[in-house]
Amino acid sequence: MRKIISIFILAFFVFTGNVKSQNKPFEFNGYAQFRFYTNNGDESGFWVRRTKLWIKGTAPKSSKISYKVMGIFDLKGIGSFNLLDAYVNFESNNILLRIGRQVPMFSLQRAQSDWAIPVLERASVINNLIPDTRTGARDIGALLGFKGLKYFEINAGVFNGSGANNKHHTNNFLYTARLDFNFQLFNKASLSLGGATLYHYVKKETYPMIFGAGVANFSGKDFRFDLSVRVKVSVFTFQSEYIEAHFNSQKARGYYAIVSGTFSKVNQLAVSFEKYSDINSITNDEPWAYLNYSRLLNGQKTKVMLTLGKQYKGEYLAAAQFQLFFR
């Protein structure tokens, strides 16, 4: 029933898309990523990594109220359509209030669109230690942000703590807060420093990518923090992030670092390094190194990416991906 409702909501906005606000027309966008992947010879083949569709716009006769509804085709299963985002923004001057189904503001890389990052996938520590990883990183709640200020941005959120649309009365609210400082160093050079915290008291919750699928439910304090840095100098960008998660007296953590450069506006090269350590060593904790090359055929909207990856004392992977953005 939830999938049917999701499709109905998206279809409703698509067929009523001729309604325009005072400032912005109704927008319909989407993109698809087609990938060839091989990993130590154990897993290989062509598949569709992502296909997302979304609509966004402003409410009629109001430039301060906007909305976004986004869905994804779950091609790992039977090709079903699942709702991701469904929220409303209320904006006034430098204040933003977002209510609905959304990604809690915690990690820097998770807030960056996957079609725009210079690497094949977000780092393992991001995929495993952000909140609600099993529900598309979405939760239902409210986010209050102060943006567009001269040197910093601040966000604070309160969410149901059970993942998007999941009823779980035993869990308490999830609280998040993030602060980012932005500095213009000199011409074509900038520096961003950020940090975030997360607190959630849970009862009988499972964390398969942290404790393991067969580990008994966890009850207690879930506290996590994030530290990030991003430096841009001319065509080069350096970005790194560290996340640490505490579950009572147990701890999981990890980090990544990416150096990327875009040359002649069509050639993008990125070198990345990452490491993730869970609590019960359910995955190989050895670090990974990646080399990524992208040919930008239409900016980030149409591009071909080639990736080679090697884990220290572990696996390797090779992938080729074609990305098409449409509207």
# chains A, B, ... in the order shown; residues from 1 in each chain; ligands from 1
>>> residues_around(residues="Arg122 in chain A", least_positions_apart="4", cutoff="10 Å", atoms="only C-alpha atoms", output="PDB file with N, CA and C atoms, in the first residue's frame")
ATOM      1  N   GLN A 109      29.301  14.472   3.297  1.00  0.00           N
ATOM      2  CA  GLN A 109      29.200  13.757   2.029  1.00  0.00           C
ATOM      3  C   GLN A 109      27.798  13.229   1.783  1.00  0.00           C
ATOM      4  N   ARG A 110      27.072  12.867   2.847  1.00  0.00           N
ATOM      5  CA  ARG A 110      25.713  12.374   2.649  1.00  0.00           C
ATOM      6  C   ARG A 110      24.780  13.484   2.176  1.00  0.00           C
ATOM      7  N   GLN A 112      25.685  15.680   0.033  1.00  0.00           N
ATOM      8  CA  GLN A 112      26.042  15.931  -1.358  1.00  0.00           C
ATOM      9  C   GLN A 112      25.368  14.891  -2.255  1.00  0.00           C
ATOM     10  N   SER A 113      24.798  15.325  -3.355  1.00  0.00           N
ATOM     11  CA  SER A 113      24.090  14.421  -4.260  1.00  0.00           C
ATOM     12  C   SER A 113      25.031  13.368  -4.825  1.00  0.00           C
ATOM     13  N   ASP A 114      24.553  12.113  -4.905  1.00  0.00           N
ATOM     14  CA  ASP A 114      25.414  11.042  -5.386  1.00  0.00           C
ATOM     15  C   ASP A 114      25.771  11.207  -6.861  1.00  0.00           C
ATOM     16  N   ILE A 117      29.090  13.708  -6.827  1.00  0.00           N
ATOM     17  CA  ILE A 117      30.369  13.424  -6.179  1.00  0.00           C
ATOM     18  C   ILE A 117      31.351  12.853  -7.199  1.00  0.00           C
ATOM     19  N   PRO A 118      32.667  13.069  -7.024  1.00  0.00           N
ATOM     20  CA  PRO A 118      33.653  12.654  -8.035  1.00  0.00           C
ATOM     21  C   PRO A 118      34.083  11.201  -7.923  1.00  0.00           C
ATOM     22  N   ILE A 126      30.359   6.506   5.713  1.00  0.00           N
ATOM     23  CA  ILE A 126      29.150   7.297   5.532  1.00  0.00           C
ATOM     24  C   ILE A 126      27.942   6.386   5.396  1.00  0.00           C
ATOM     25  N   ASN A 127      28.066   5.358   4.575  1.00  0.00           N
ATOM     26  CA  ASN A 127      26.935   4.454   4.344  1.00  0.00           C
ATOM     27  C   ASN A 127      26.545   3.679   5.593  1.00  0.00           C
ATOM     28  N   TYR A 256      37.440   9.085   5.509  1.00  0.00           N
ATOM     29  CA  TYR A 256      37.798   9.058   4.098  1.00  0.00           C
ATOM     30  C   TYR A 256      38.493  10.371   3.755  1.00  0.00           C
ATOM     31  N   GLU A 274      39.903   5.426   2.085  1.00  0.00           N
ATOM     32  CA  GLU A 274      38.895   5.297   3.137  1.00  0.00           C
ATOM     33  C   GLU A 274      39.150   4.088   4.024  1.00  0.00           C
TER      34      GLU A 274
END
>>> residues_around(residues="Trp288 in chain A", least_positions_apart="6", cutoff="6 Å", atoms="only C-alpha atoms", output="list of chain:residue names")
A:Phe273, A:Glu274, A:Lys310, A:Gln311
>>> write_last_selection(atoms="C-alpha atoms", output="compact mmCIF listing (two decimals), in the first residue's frame")
# COMPACT_ATOMS: atom_id res chain seq x y z
CA PHE A 273 41.28 6.71 0.53
CA GLU A 274 38.90 5.30 3.14
CA LYS A 310 42.20 -2.01 -4.09
CA GLN A 311 41.90 -2.97 -0.45
>>> closest_atom_pairs(of="range 103-197 of chain A", to="range 238-243 of chain A", cutoff="9 Å", atoms="only C-alpha atoms", output="CSV")
residue,atom,partner,partner_atom,distance
A:Ser107,CA,A:Glu241,CA,8.2
A:Leu108,CA,A:Glu241,CA,7.6
A:Gln109,CA,A:Glu241,CA,8.1
A:Val125,CA,A:Ile243,CA,7.0
A:Ile126,CA,A:Ile243,CA,7.8
A:Leu129,CA,A:Ile243,CA,7.2
A:Ile130,CA,A:Ile243,CA,8.6
>>> residues_around(residues="Glu286 in chain A", least_positions_apart="2", cutoff="10 Å", atoms="only C-alpha atoms", output="CSV table (one decimal) with C-alpha atoms, in the first residue's frame")
chain,number,residue,atom,x,y,z
A,274,GLU,CA,38.9,5.3,3.1
A,275,LYS,CA,38.7,3.1,6.2
A,276,TYR,CA,35.8,1.8,8.3
A,277,SER,CA,35.9,-0.3,11.5
A,283,THR,CA,33.7,-6.7,7.6
A,284,ASN,CA,37.4,-6.5,6.6
A,288,TRP,CA,40.7,1.0,0.5
A,311,GLN,CA,41.9,-3.0,-0.5
A,312,TYR,CA,45.1,-3.4,1.5
A,313,LYS,CA,45.5,-7.2,2.0
A,314,GLY,CA,42.1,-7.7,0.6
A,315,GLU,CA,39.8,-7.4,-2.5
>>> closest_residue(among="A:Phe90, A:Phe36, A:Phe186, A:Phe46", to="Lys68 in chain A", atoms="only C-alpha atoms")
A:Phe90
>>> residues_around(residues="Ala270 in chain A", least_positions_apart="3", cutoff="8 Å", atoms="only C-alpha atoms", output="PyMOL selection string")
chain A and resi 118-119+258-261+291-293
>>> closest_residue(among="A:Ile279, A:Leu84, A:Ala213, A:Val158", to="Ile99 in chain A", atoms="only C-alpha atoms")
A:Val158
>>> residues_around(residues="range 132-136 of chain A", least_positions_apart="5", cutoff="10 Å", atoms="only C-alpha atoms", output="list in words")
Ile72, Asn82, Leu83, Leu84, Asp85, Gln102, Val103, Pro104, Ile126, Asn127, Gly161, Ser162, Gly163, Ala164, Asn165, Asn166, Tyr207, Pro208 and Met209 of chain A
>>> select_by_dssp(residues="range 174-295 of chain A", states="strand (DSSP E or B)", output="PyMOL selection string")
chain A and resi 174-186+189-205+218-233+236-247+250-263+267-277+288-295
>>> closest_residue(among="A:Val231, A:Ala32, A:Leu174, A:Ala86", to="Leu324 in chain A", atoms="only C-alpha atoms")
A:Ala32
